[in-house]
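What follows is structure.txt (compact mmCIF, C-alpha atoms and all ligand atoms).
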```
# COMPACT_ATOMS: atom_id res chain seq x y z
CA MET A 56 -28.37 99.52 48.54
CA ILE A 57 -29.24 101.68 51.51
CA ASN A 58 -32.18 104.02 50.93
CA PHE A 59 -30.60 107.13 52.44
CA LYS A 60 -33.38 109.43 51.25
CA GLU A 61 -36.07 107.45 53.01
CA LEU A 62 -33.99 107.24 56.21
CA ALA A 63 -33.34 110.99 56.13
CA ASN A 64 -37.03 111.72 55.63
CA GLU A 65 -38.09 109.41 58.43
CA HIS A 66 -35.47 110.35 61.02
CA LYS A 67 -34.50 113.87 59.87
CA THR A 68 -30.93 115.11 59.55
CA PRO A 69 -28.17 115.28 60.67
CA LEU A 70 -28.24 111.53 61.16
CA TYR A 71 -25.87 108.63 61.67
CA ILE A 72 -26.59 105.29 59.98
CA TYR A 73 -24.72 102.06 60.80
CA ASP A 74 -24.75 98.89 58.75
CA LEU A 75 -24.52 96.11 61.35
CA ASP A 76 -24.18 93.39 58.72
CA TYR A 77 -20.98 95.04 57.50
CA MET A 78 -19.70 95.13 61.09
CA THR A 79 -20.47 91.41 61.43
CA LYS A 80 -18.49 90.65 58.30
CA GLN A 81 -15.47 92.69 59.40
CA TYR A 82 -15.54 91.02 62.82
CA GLY A 83 -15.66 87.55 61.23
CA ASP A 84 -12.78 88.34 58.86
CA LEU A 85 -10.51 89.47 61.67
CA LYS A 86 -11.46 86.71 64.08
CA ASP A 87 -10.91 84.08 61.35
CA ALA A 88 -7.48 85.47 60.55
CA PHE A 89 -6.30 84.35 63.99
CA LYS A 90 -7.77 80.86 63.82
CA GLY A 91 -5.51 78.12 65.10
CA ARG A 92 -4.44 80.34 68.02
CA LYS A 93 -6.46 81.21 71.13
CA SER A 94 -7.66 84.78 70.60
CA ILE A 95 -10.13 87.30 71.97
CA MET A 96 -11.37 90.24 69.95
CA ALA A 97 -11.88 93.07 72.43
CA TYR A 98 -13.85 95.71 70.52
CA ALA A 99 -12.42 99.21 71.12
CA VAL A 100 -15.56 100.81 72.51
CA LYS A 101 -14.26 104.33 71.90
CA SER A 102 -14.60 103.91 68.14
CA ASN A 103 -18.37 103.78 68.45
CA SER A 104 -19.77 103.46 71.94
CA ASN A 105 -23.49 103.29 71.22
CA LEU A 106 -24.87 100.54 73.49
CA SER A 107 -26.54 98.72 70.60
CA ILE A 108 -23.24 98.64 68.70
CA VAL A 109 -21.33 97.32 71.71
CA LYS A 110 -24.09 94.74 72.21
CA HIS A 111 -23.89 93.72 68.57
CA PHE A 112 -20.22 92.85 69.02
CA ALA A 113 -20.88 91.21 72.40
CA ASP A 114 -23.46 88.98 70.70
CA LEU A 115 -20.79 87.96 68.18
CA GLY A 116 -18.56 86.89 71.07
CA SER A 117 -16.45 90.00 71.33
CA GLY A 118 -14.94 91.43 74.48
CA ALA A 119 -14.38 95.14 75.05
CA ASP A 120 -11.38 97.41 75.30
CA CYS A 121 -12.40 100.37 77.44
CA VAL A 122 -10.61 103.62 78.26
CA SER A 123 -12.82 105.01 81.01
CA ILE A 124 -15.02 103.50 83.67
CA GLY A 125 -17.93 104.88 81.65
CA GLU A 126 -16.94 102.61 78.78
CA VAL A 127 -16.53 99.68 81.20
CA ARG A 128 -20.08 100.29 82.43
CA ARG A 129 -21.32 100.44 78.84
CA ALA A 130 -19.64 97.10 78.14
CA PHE A 131 -21.37 95.50 81.15
CA LEU A 132 -24.73 96.99 80.16
CA ALA A 133 -24.28 95.65 76.63
CA GLY A 134 -23.70 92.14 77.98
CA VAL A 135 -19.93 91.78 77.55
CA PRO A 136 -18.75 89.25 80.17
CA ALA A 137 -16.32 90.59 82.81
CA TYR A 138 -13.65 88.11 81.74
CA LYS A 139 -13.48 89.75 78.31
CA ILE A 140 -13.25 93.38 79.48
CA ILE A 141 -9.97 95.29 79.48
CA PHE A 142 -9.44 98.71 81.00
CA SER A 143 -6.71 100.77 79.28
CA GLY A 144 -5.64 104.41 79.33
CA VAL A 145 -2.86 106.62 80.53
CA GLY A 146 -4.71 108.39 83.36
CA LYS A 147 -7.10 106.28 85.40
CA SER A 148 -8.49 107.81 88.57
CA ASP A 149 -8.54 105.97 91.92
CA ASP A 150 -12.31 105.60 91.69
CA GLU A 151 -12.03 104.07 88.23
CA ILE A 152 -9.32 101.63 89.34
CA ARG A 153 -11.38 100.63 92.40
CA GLU A 154 -14.48 99.93 90.34
CA ALA A 155 -12.51 97.95 87.74
CA ILE A 156 -11.01 95.73 90.48
CA GLU A 157 -14.39 95.28 92.14
CA LYS A 158 -15.97 94.33 88.82
CA ASP A 159 -13.27 91.66 88.36
CA ILE A 160 -12.57 92.46 84.71
CA LEU A 161 -9.96 90.51 82.70
CA TYR A 162 -7.15 92.97 83.44
CA ILE A 163 -6.13 96.59 83.81
CA ASN A 164 -3.60 97.80 81.24
CA VAL A 165 -1.11 99.76 83.33
CA GLU A 166 0.78 102.62 81.69
CA SER A 167 3.26 103.89 84.33
CA GLU A 168 5.10 102.88 87.48
CA ALA A 169 3.10 105.41 89.43
CA GLU A 170 -0.12 103.86 88.22
CA LEU A 171 1.09 100.39 89.18
CA GLY A 172 1.57 101.76 92.70
CA ARG A 173 -2.00 103.09 92.82
CA VAL A 174 -3.45 99.79 91.51
CA GLU A 175 -1.49 97.85 94.14
CA LEU A 176 -2.59 100.16 96.94
CA ILE A 177 -6.24 100.06 95.94
CA ALA A 178 -6.21 96.27 95.52
CA LYS A 179 -4.72 96.05 99.03
CA GLU A 180 -7.45 98.31 100.46
CA LEU A 181 -10.01 96.03 98.84
CA ASN A 182 -8.17 92.98 100.12
CA SER A 183 -8.09 91.75 96.56
CA THR A 184 -5.65 90.94 93.76
CA SER A 185 -5.73 92.90 90.53
CA ARG A 186 -4.88 91.23 87.26
CA ILE A 187 -2.70 93.58 85.24
CA SER A 188 -1.01 93.90 81.91
CA ILE A 189 1.66 96.48 81.13
CA ARG A 190 1.58 98.67 78.07
CA VAL A 191 5.00 98.72 76.46
CA ASN A 192 6.04 101.65 74.30
CA PRO A 193 8.32 100.01 71.70
CA ASN A 194 9.52 103.36 70.30
CA ILE A 195 8.50 102.47 66.76
CA ASP A 196 7.21 105.05 64.29
CA PRO A 197 3.81 103.79 63.06
CA GLN A 198 3.80 106.20 60.07
CA THR A 199 0.37 107.61 60.69
CA HIS A 200 -1.09 111.04 61.58
CA PRO A 201 0.87 112.49 64.55
CA TYR A 202 -2.33 112.90 66.59
CA ILE A 203 -3.04 109.17 66.41
CA SER A 204 0.52 107.92 66.73
CA THR A 205 1.13 106.34 70.14
CA GLY A 206 4.16 104.06 69.93
CA LEU A 207 7.05 106.53 70.13
CA HIS A 208 8.76 107.69 73.31
CA ASP A 209 7.57 111.19 72.37
CA ASN A 210 4.01 109.99 72.93
CA LYS A 211 2.53 109.82 76.41
CA PHE A 212 1.57 106.14 76.12
CA GLY A 213 3.11 103.07 77.72
CA VAL A 214 6.50 102.53 79.33
CA GLU A 215 9.98 101.74 78.06
CA LEU A 216 11.15 98.13 77.95
CA ASP A 217 13.43 98.43 81.00
CA THR A 218 10.72 100.09 83.03
CA ALA A 219 8.25 97.41 81.97
CA LYS A 220 10.58 94.67 83.15
CA ARG A 221 11.05 96.36 86.52
CA MET A 222 7.29 96.71 86.83
CA TYR A 223 6.70 93.02 86.05
CA ILE A 224 9.18 91.99 88.75
CA ARG A 225 7.51 94.28 91.25
CA ALA A 226 4.03 93.03 90.31
CA ASN A 227 5.15 89.43 90.49
CA ASN A 228 6.41 89.99 94.03
CA SER A 229 3.20 91.64 95.18
CA GLN A 230 0.35 89.63 96.67
CA TYR A 231 -2.06 92.29 95.37
CA LEU A 232 -1.00 92.19 91.73
CA ASP A 233 -1.18 89.38 89.22
CA PRO A 234 0.71 90.16 85.99
CA VAL A 235 -1.15 88.23 83.29
CA GLY A 236 -0.58 90.18 80.09
CA ILE A 237 1.53 92.46 77.98
CA HIS A 238 0.23 95.16 75.69
CA PHE A 239 1.29 97.46 72.89
CA HIS A 240 -0.64 99.76 70.56
CA ILE A 241 1.50 101.96 68.35
CA GLY A 242 -1.18 104.00 66.63
CA SER A 243 -4.37 104.06 64.66
CA GLN A 244 -5.20 103.96 60.93
CA LEU A 245 -2.04 101.92 60.30
CA THR A 246 -1.45 100.97 56.69
CA GLU A 247 2.10 99.64 57.02
CA LEU A 248 2.71 96.17 58.37
CA LYS A 249 6.40 96.60 59.19
CA PRO A 250 6.04 98.81 62.29
CA ILE A 251 3.42 96.43 63.70
CA TYR A 252 5.62 93.42 63.07
CA GLU A 253 8.68 95.12 64.57
CA SER A 254 6.75 96.13 67.68
CA ALA A 255 5.34 92.63 68.14
CA GLU A 256 8.82 91.20 67.89
CA ILE A 257 10.20 93.56 70.55
CA VAL A 258 7.32 92.80 72.88
CA ALA A 259 7.49 89.03 72.28
CA ASP A 260 11.20 89.13 73.16
CA LEU A 261 10.30 90.78 76.43
CA VAL A 262 7.79 87.98 77.11
CA ARG A 263 10.62 85.46 76.58
CA SER A 264 13.00 87.28 78.87
CA LEU A 265 10.28 87.44 81.55
CA SER A 266 9.70 83.73 81.13
CA ASN A 267 13.42 83.19 81.79
CA ILE A 268 12.93 84.71 85.23
CA LYS A 269 9.79 82.65 85.82
CA ILE A 270 7.24 85.36 85.08
CA GLU A 271 4.78 83.59 82.79
CA LEU A 272 2.23 85.75 81.00
CA LYS A 273 -1.00 84.52 79.41
CA PHE A 274 -2.17 87.37 77.18
CA PHE A 275 -0.42 89.09 74.29
CA ASP A 276 -2.46 92.23 73.68
CA ILE A 277 -1.67 93.70 70.26
CA GLY A 278 -3.98 96.72 70.55
CA GLY A 279 -5.95 97.94 67.56
CA GLY A 280 -4.91 100.19 64.74
CA LEU A 281 -5.72 98.36 61.50
CA GLY A 282 -6.25 101.01 58.87
CA VAL A 283 -9.25 101.21 56.55
CA LYS A 284 -9.94 102.74 53.17
CA TYR A 285 -11.27 106.27 53.38
CA ASP A 286 -9.97 107.22 49.95
CA ASP A 287 -7.36 105.28 47.99
CA GLU A 288 -5.27 103.93 50.87
CA ILE A 289 -3.72 100.50 50.47
CA THR A 290 -4.62 98.69 53.66
CA ILE A 291 -3.38 95.61 55.45
CA ALA A 292 -5.32 92.38 54.93
CA PRO A 293 -6.42 90.72 58.21
CA TYR A 294 -4.66 87.50 57.22
CA ASP A 295 -1.30 89.26 56.66
CA TYR A 296 -1.74 91.15 59.91
CA ALA A 297 -2.40 87.97 61.87
CA GLN A 298 0.46 86.08 60.20
CA ALA A 299 2.91 88.88 60.99
CA ILE A 300 1.91 88.86 64.66
CA LEU A 301 1.73 85.08 65.00
CA GLY A 302 5.17 84.77 63.41
CA THR A 303 6.67 86.57 66.40
CA LEU A 304 5.00 84.23 68.91
CA LYS A 305 6.63 80.95 67.96
CA GLY A 306 7.09 78.72 71.00
CA LEU A 307 4.94 80.95 73.21
CA ASP A 308 1.64 79.72 74.60
CA LEU A 309 -0.21 83.03 74.68
CA THR A 310 -3.78 84.07 73.98
CA VAL A 311 -3.80 86.94 71.49
CA ILE A 312 -5.99 89.86 72.44
CA CYS A 313 -6.85 92.22 69.60
CA GLU A 314 -8.53 95.59 70.18
CA PRO A 315 -10.01 96.58 66.83
CA GLY A 316 -12.12 99.70 66.56
CA ARG A 317 -12.00 101.49 63.23
CA PHE A 318 -11.62 98.27 61.21
CA LEU A 319 -14.99 97.09 62.51
CA THR A 320 -16.97 100.30 62.44
CA ALA A 321 -15.56 103.01 60.15
CA ASN A 322 -16.90 101.86 56.81
CA ALA A 323 -20.14 100.61 58.34
CA GLY A 324 -21.16 104.18 59.12
CA TYR A 325 -22.69 107.03 57.12
CA PHE A 326 -23.42 110.57 58.21
CA LEU A 327 -26.41 112.14 56.51
CA THR A 328 -26.69 115.89 56.22
CA LYS A 329 -28.96 118.13 54.18
CA VAL A 330 -28.00 121.12 52.10
CA LEU A 331 -29.23 124.41 53.52
CA TYR A 332 -27.77 126.89 51.05
CA GLU A 333 -25.17 127.49 48.44
CA LYS A 334 -23.14 130.70 48.71
CA GLN A 335 -20.26 132.32 46.91
CA ASN A 336 -17.60 134.54 48.55
CA GLY A 337 -15.60 135.98 45.69
CA ALA A 338 -14.19 133.03 43.79
CA LYS A 339 -14.94 130.61 46.61
CA ARG A 340 -18.01 128.40 46.51
CA PHE A 341 -19.53 127.08 49.74
CA VAL A 342 -22.19 124.46 50.30
CA VAL A 343 -23.69 125.05 53.73
CA VAL A 344 -25.21 121.92 55.31
CA ASP A 345 -27.15 121.21 58.51
CA GLY A 346 -24.45 118.95 60.04
CA ALA A 347 -21.32 120.39 61.59
CA MET A 348 -18.01 119.77 63.32
CA ASN A 349 -19.89 119.07 66.53
CA ASP A 350 -21.39 116.03 64.78
CA LEU A 351 -18.31 114.78 62.90
CA LEU A 352 -15.03 116.32 63.99
CA ARG A 353 -12.49 114.29 62.01
CA PRO A 354 -12.15 116.66 59.01
CA SER A 355 -11.66 119.68 61.30
CA LEU A 356 -9.31 117.98 63.75
CA TYR A 357 -7.16 115.82 61.46
CA ASN A 358 -7.94 117.27 58.06
CA ALA A 359 -9.32 113.77 57.47
CA TYR A 360 -10.81 112.86 54.11
CA HIS A 361 -14.36 111.49 54.00
CA LYS A 362 -15.95 110.65 50.69
CA ILE A 363 -19.19 112.56 50.05
CA GLU A 364 -22.00 111.10 47.98
CA VAL A 365 -24.63 113.47 46.65
CA ILE A 366 -28.30 112.60 46.37
CA THR A 367 -29.84 115.21 44.10
CA ASP A 368 -31.82 115.62 40.89
CA SER A 369 -29.31 118.23 39.75
CA GLU A 370 -27.60 117.39 36.50
CA SER A 371 -25.30 120.41 36.45
CA GLU A 372 -21.56 120.38 35.83
CA LEU A 373 -19.28 119.66 38.79
CA SER A 374 -17.24 122.44 40.35
CA LYS A 375 -15.18 122.76 43.50
CA ALA A 376 -16.82 123.74 46.77
CA ASP A 377 -16.11 123.66 50.49
CA VAL A 378 -18.77 121.75 52.40
CA VAL A 379 -19.29 123.64 55.66
CA GLY A 380 -21.59 123.51 58.67
CA PRO A 381 -23.41 126.17 60.69
CA VAL A 382 -20.90 126.29 63.60
CA CYS A 383 -19.13 129.60 64.13
CA GLU A 384 -15.63 128.42 63.28
CA SER A 385 -13.74 128.57 60.00
CA GLY A 386 -12.52 125.08 60.87
CA ASP A 387 -16.09 123.78 60.60
CA PHE A 388 -15.96 121.84 57.35
CA PHE A 389 -16.48 118.32 56.02
CA ALA A 390 -14.52 118.78 52.80
CA LYS A 391 -12.47 121.40 50.98
CA ASP A 392 -12.45 121.94 47.22
CA TYR A 393 -14.73 118.96 46.66
CA GLN A 394 -16.23 118.47 43.19
CA LEU A 395 -19.99 118.88 43.49
CA PRO A 396 -22.91 119.74 41.20
CA VAL A 397 -25.05 122.79 41.92
CA LEU A 398 -27.14 121.83 44.91
CA GLU A 399 -30.64 122.74 46.01
CA HIS A 400 -32.09 123.31 49.46
CA ASN A 401 -32.78 119.85 51.04
CA ASP A 402 -30.52 117.87 48.71
CA LEU A 403 -28.87 115.12 50.70
CA LEU A 404 -25.15 114.55 51.27
CA VAL A 405 -23.95 111.18 52.54
CA VAL A 406 -20.60 111.41 54.29
CA HIS A 407 -18.97 107.97 54.11
CA SER A 408 -16.71 106.08 56.55
CA ALA A 409 -18.30 107.85 59.50
CA GLY A 410 -18.88 104.84 61.76
CA ALA A 411 -15.65 105.18 63.77
CA TYR A 412 -14.77 108.22 65.87
CA GLY A 413 -17.78 110.04 64.44
CA PHE A 414 -20.68 110.36 66.84
CA GLY A 415 -18.44 109.58 69.83
CA MET A 416 -16.22 112.60 69.26
CA GLY A 417 -19.25 114.82 68.91
CA SER A 418 -20.16 117.63 71.27
CA ASN A 419 -22.89 120.12 72.04
CA TYR A 420 -20.84 123.08 70.84
CA ASN A 421 -23.04 126.01 69.81
CA THR A 422 -25.88 124.38 71.79
CA ARG A 423 -26.47 121.88 69.05
CA GLY A 424 -28.13 118.62 70.04
CA ARG A 425 -26.37 115.48 68.96
CA SER A 426 -27.83 113.57 66.01
CA ALA A 427 -29.96 110.46 66.18
CA GLU A 428 -28.39 107.11 65.32
CA VAL A 429 -30.01 104.34 63.29
CA ALA A 430 -28.87 100.74 62.85
CA LEU A 431 -29.54 98.65 59.76
CA GLU A 432 -29.69 94.89 60.13
CA ASP A 433 -31.16 92.25 57.82
CA GLY A 434 -32.69 94.98 55.69
CA LYS A 435 -34.45 96.60 58.65
CA ALA A 436 -33.77 99.98 60.22
CA ARG A 437 -34.11 100.71 63.93
CA LEU A 438 -33.41 103.77 66.03
CA ILE A 439 -30.55 103.19 68.49
CA ARG A 440 -30.22 106.71 69.86
CA LYS A 441 -32.78 109.48 69.95
CA ARG A 442 -31.94 112.94 68.71
CA GLU A 443 -31.00 115.27 71.58
CA ASN A 444 -33.40 118.16 72.05
CA PHE A 445 -33.03 121.51 73.75
CA GLU A 446 -34.44 120.19 77.03
CA ASP A 447 -31.75 117.48 77.10
CA LEU A 448 -29.06 120.10 76.63
CA ILE A 449 -30.11 122.31 79.52
CA ALA A 450 -31.30 119.58 81.91
CA LEU A 451 -28.24 119.77 84.17
CA GLU A 452 -28.25 123.58 84.32
CA LYS A 453 -31.78 124.85 84.42
CA ASP A 454 -32.55 123.98 88.05
CA LEU A 455 -29.35 125.72 89.12
CA LEU A 456 -30.37 129.11 87.75
CA VAL A 457 -30.40 131.70 90.55
N1 LIG A 501 -6.49 100.07 71.65
C1 LIG A 501 -5.96 101.20 72.15
C2 LIG A 501 -5.12 101.14 73.35
C3 LIG A 501 -6.22 102.43 71.51
O1 LIG A 501 -5.68 103.55 71.99
C4 LIG A 501 -7.04 102.47 70.35
C5 LIG A 501 -7.34 103.73 69.70
C6 LIG A 501 -7.58 101.25 69.88
C7 LIG A 501 -7.27 100.07 70.55
C8 LIG A 501 -8.44 101.17 68.67
O2 LIG A 501 -7.75 101.59 67.54
P1 LIG A 501 -8.38 101.44 66.08
O3 LIG A 501 -8.47 99.96 65.78
O4 LIG A 501 -9.70 102.09 66.08
O5 LIG A 501 -7.41 102.14 65.21
N2 LIG A 501 -9.96 109.69 66.94
C9 LIG A 501 -8.97 109.16 66.04
C10 LIG A 501 -8.53 107.77 66.44
C11 LIG A 501 -8.02 107.66 67.85
C12 LIG A 501 -7.60 106.27 68.23
C13 LIG A 501 -7.29 106.16 69.67
N3 LIG A 501 -6.94 104.86 70.10
C14 LIG A 501 -9.52 109.21 64.63
O6 LIG A 501 -10.65 109.67 64.43
O7 LIG A 501 -8.83 108.84 63.68
```
Encoded form (structure tokens):
Amino acid sequence: MINFKELANEHKTPLYIYDLDYMTKQYGDLKDAFKGRKSIMAYAVKSNSNLSIVKHFADLGSGADCVSIGEVRRAFLAGVPAYKIIFSGVGKSDDEIREAIEKDILYINVESEAELGRVELIAKELNSTSRISIRVNPNIDPQTHPYISTGLHDNKFGVELDTAKRMYIRANNSQYLDPVGIHFHIGSQLTELKPIYESAEIVADLVRSLSNIKIELKFFDIGGGLGVKYDDEITIAPYDYAQAILGTLKGLDLTVICEPGRFLTANAGYFLTKVLYEKQNGAKRFVVVDGAMNDLLRPSLYNAYHKIEVITDSESELSKADVVGPVCESGDFFAKDYQLPVLEHNDLLVVHSAGAYGFGMGSNYNTRGRSAEVALEDGKARLIRKRENFEDLIALEKDLLV
């Protein structure tokens, strides 16, 4: 049992709490599911990029899937070895590509023909060879929220099969490119196995047809996307996930690269916020709290459900309320029509499943400093990010005042 009250009193609110032991367990479950096959777990840093979290996974043997050079630098700082770092993303700048090649990471996931051209040119300037993988868009509907669906031709990600094949041939003929992998990632918060299986099959077939023309790849990068339980979702078991993927790889000697984010971090995280006031506008009841959409954006952006646990002495009847923050937007809410007792000033709300895409998607909107972050491990709590104060927020502006 986590003592949320004590943590809130010690570190103030709003506050993020992460249970590292839970992350360890999730990591072990997924890694074990692939046993018998060479595999690398490359933690999707974007899901929670706090250095101590990235280091926690690095210590467990994880690599890192990064989508900006900032994330690549975080991975290095956290102790992830270069040979386990992947750089993905649809729009890498020349500077980012240059640094990734210089740092000699495992490979760059290339997402367009134009990008392949830039990588080749930059590798040539550096008199180097860049290991690459190509992200294939299998045009499969992942059946998830449209904002986090990435595997359809309507989405900006990856390239069509024919284009991918052309790119592999070009890369194979270039002395500055070394095609080592193939990649797909059809979306996030996936709860259906079939689209994953179908995508893997399409991509594995491409690997075979490349092998027929003597282009031999080493890495089969299945992306991330495993869904978790926020509410009453039925999720995919790691074992079934691994079996479905491995079933498509018969006869192929490939190392599986998996890029899990949410599966490792979402349900390890809690967002603590205190009640400021209750108010009533006509028939509508609002609970106003000290956290806001700048701290945890998922409800506002995706209408995402997060369970809310109440820590109060109140024994009143439950009634529906919207839980809202202080930001000047009607979209600033954590829950709508949520059953809650009557709450007092300083009662504590614990927003669950906040470990993935929580803090990282935060902002300073309304000149609000970002929350502190605390890690729990072996029954001990330690601060892993200080609360931002006003001075932090104006540091890059104040000397420029004229
Ligand atoms: N690999 C690639 C190439 C990705 O684009 C992503 C996530 C992952 C791995 C990790 O996916 P995961 O295992 O976490 O599902 N902000 C959204 C989620 C965006 C996911 C973006 N890509 C949310 O809060 O639901």
Residue with smallest distance to Val311 in chain A - pool A:Ile439, A:Ala255, A:Val109, A:Ile363, counting only C-alpha atoms: A:Ala255
Identify, on the basis of only C-alpha atoms, every residue whose closest approach to His111 in chain A does not exceed 8 Å; exclude the query and any residue fewer than 4 positions from it along the same chain; express the result as a PyMOL selection string. chain A and resi 75+107+115
What are the closest atom pairs, with distances in Å to one decimal, for all residues of chain A lying within 9 Å of ligand LIG 501 (chain A)? Consider all atoms listed in the file, order rows by chain and residue number, and present the result as CSV.
```
residue,atom,partner,partner_atom,distance
A:Ala97,CA,A:LIG501,C7,8.6
A:Tyr98,CA,A:LIG501,C7,7.9
A:Ala99,CA,A:LIG501,C8,5.1
A:Val100,CA,A:LIG501,C8,8.1
A:Lys101,CA,A:LIG501,C5,7.3
A:Ser102,CA,A:LIG501,O4,5.6
A:Asp120,CA,A:LIG501,N1,6.7
A:Cys121,CA,A:LIG501,N1,8.3
A:Val122,CA,A:LIG501,C2,7.8
A:Ser143,CA,A:LIG501,C2,6.2
A:Gly144,CA,A:LIG501,C2,6.8
A:Asn164,CA,A:LIG501,C2,8.7
A:Arg190,CA,A:LIG501,C2,8.6
A:His200,CA,A:LIG501,O7,8.3
A:Tyr202,CA,A:LIG501,C9,7.6
A:Ile203,CA,A:LIG501,C11,5.4
A:Ser204,CA,A:LIG501,C12,8.4
A:Thr205,CA,A:LIG501,O1,7.6
A:Phe212,CA,A:LIG501,O1,8.7
A:His238,CA,A:LIG501,C2,8.4
A:Phe239,CA,A:LIG501,C2,7.4
A:His240,CA,A:LIG501,C2,5.5
A:Ile241,CA,A:LIG501,O1,8.2
A:Gly242,CA,A:LIG501,O5,6.7
A:Ser243,CA,A:LIG501,O5,3.6
A:Gln244,CA,A:LIG501,O5,5.1
A:Leu245,CA,A:LIG501,O5,7.3
A:Ile277,CA,A:LIG501,N1,8.1
A:Gly278,CA,A:LIG501,N1,4.3
A:Gly279,CA,A:LIG501,O3,3.7
A:Gly280,CA,A:LIG501,O5,3.2
A:Leu281,CA,A:LIG501,O3,5.3
A:Gly282,CA,A:LIG501,O5,6.5
A:Val283,CA,A:LIG501,O5,8.9
A:Cys313,CA,A:LIG501,C7,7.9
A:Glu314,CA,A:LIG501,C7,4.7
A:Pro315,CA,A:LIG501,O3,3.9
A:Gly316,CA,A:LIG501,O4,3.4
A:Arg317,CA,A:LIG501,O4,3.7
A:Phe318,CA,A:LIG501,O3,5.8
A:Leu319,CA,A:LIG501,O3,7.8
A:Thr320,CA,A:LIG501,O4,8.3
A:Ala321,CA,A:LIG501,O4,8.4
A:Leu352,CA,A:LIG501,O6,8.0
A:Arg353,CA,A:LIG501,O6,5.5
A:Pro354,CA,A:LIG501,O6,9.0
A:Leu356,CA,A:LIG501,O6,8.4
A:Tyr357,CA,A:LIG501,O7,7.5
A:Ala359,CA,A:LIG501,O7,7.9
A:Ala411,CA,A:LIG501,O6,6.8
A:Tyr412,CA,A:LIG501,O6,4.6
A:Gly413,CA,A:LIG501,O6,7.1
A:Gly415,CA,A:LIG501,N2,9.0
A:Met416,CA,A:LIG501,N2,7.3
```
Within 12 Å of Ala376 in chain A, counting only C-alpha atoms, which residues qualify if same-chain residues fewer than 5 places away don't, as a list in words?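 Returned residues: Glu333, Lys334, Gln335, Asn336, Ala338, Lys339, Arg340, Phe341, Val342, Val343, Ile363, Phe388, Phe389, Ala390, Lys391, Asp392, Tyr393, Gln394, Leu395, Pro396, Val397 and Leu398 of chain A.
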Would you put the residues from that selection into a file with C-alpha atoms, as a compact mmCIF listing (two decimals), keeping the file's coordinate frame?
```
# COMPACT_ATOMS: atom_id res chain seq x y z
CA GLU A 333 -25.17 127.49 48.44
CA LYS A 334 -23.14 130.70 48.71
CA GLN A 335 -20.26 132.32 46.91
CA ASN A 336 -17.60 134.54 48.55
CA ALA A 338 -14.19 133.03 43.79
CA LYS A 339 -14.94 130.61 46.61
CA ARG A 340 -18.01 128.40 46.51
CA PHE A 341 -19.53 127.08 49.74
CA VAL A 342 -22.19 124.46 50.30
CA VAL A 343 -23.69 125.05 53.73
CA ILE A 363 -19.19 112.56 50.05
CA PHE A 388 -15.96 121.84 57.35
CA PHE A 389 -16.48 118.32 56.02
CA ALA A 390 -14.52 118.78 52.80
CA LYS A 391 -12.47 121.40 50.98
CA ASP A 392 -12.45 121.94 47.22
CA TYR A 393 -14.73 118.96 46.66
CA GLN A 394 -16.23 118.47 43.19
CA LEU A 395 -19.99 118.88 43.49
CA PRO A 396 -22.91 119.74 41.20
CA VAL A 397 -25.05 122.79 41.92
CA LEU A 398 -27.14 121.83 44.91
```
Test item: which residues lie within 12 Å of (-8.0, 87.6, 91.1) counting all atoms listed in the file, as a PyMOL selection string: chain A and resi 138+155-163+178+181-187+230-235
Go through A:Ile312, A:Val145, A:Leu85, A:Ala113 and flag the residue nearest Tyr294 in chain A, using only C-alpha atoms for the distances.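 Using only C-alpha atoms, the shortest distance to Tyr294 in chain A belongs to A:Leu85.
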List the spatial neighbours of Ser264 in chain A as an MDAnalysis selection string - criterion: any atom at most 12 Å away, all atoms listed in the file, same-chain residues fewer than 5 positions off excluded. chainID A and resid 216:217 219:220 223:224 257:259 269:272 307
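Interatomic distance, CA of Ile72 in chain A against CA of Val429 in chain A: 4.9 Å.
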Coordinates-based distance that separates CA of Ser426 in chain A from CA of Asn444 in chain A (Å, one decimal):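 One can read the CA of Asn444 in chain A to CA of Ser426 in chain A distance as 9.4 Å.
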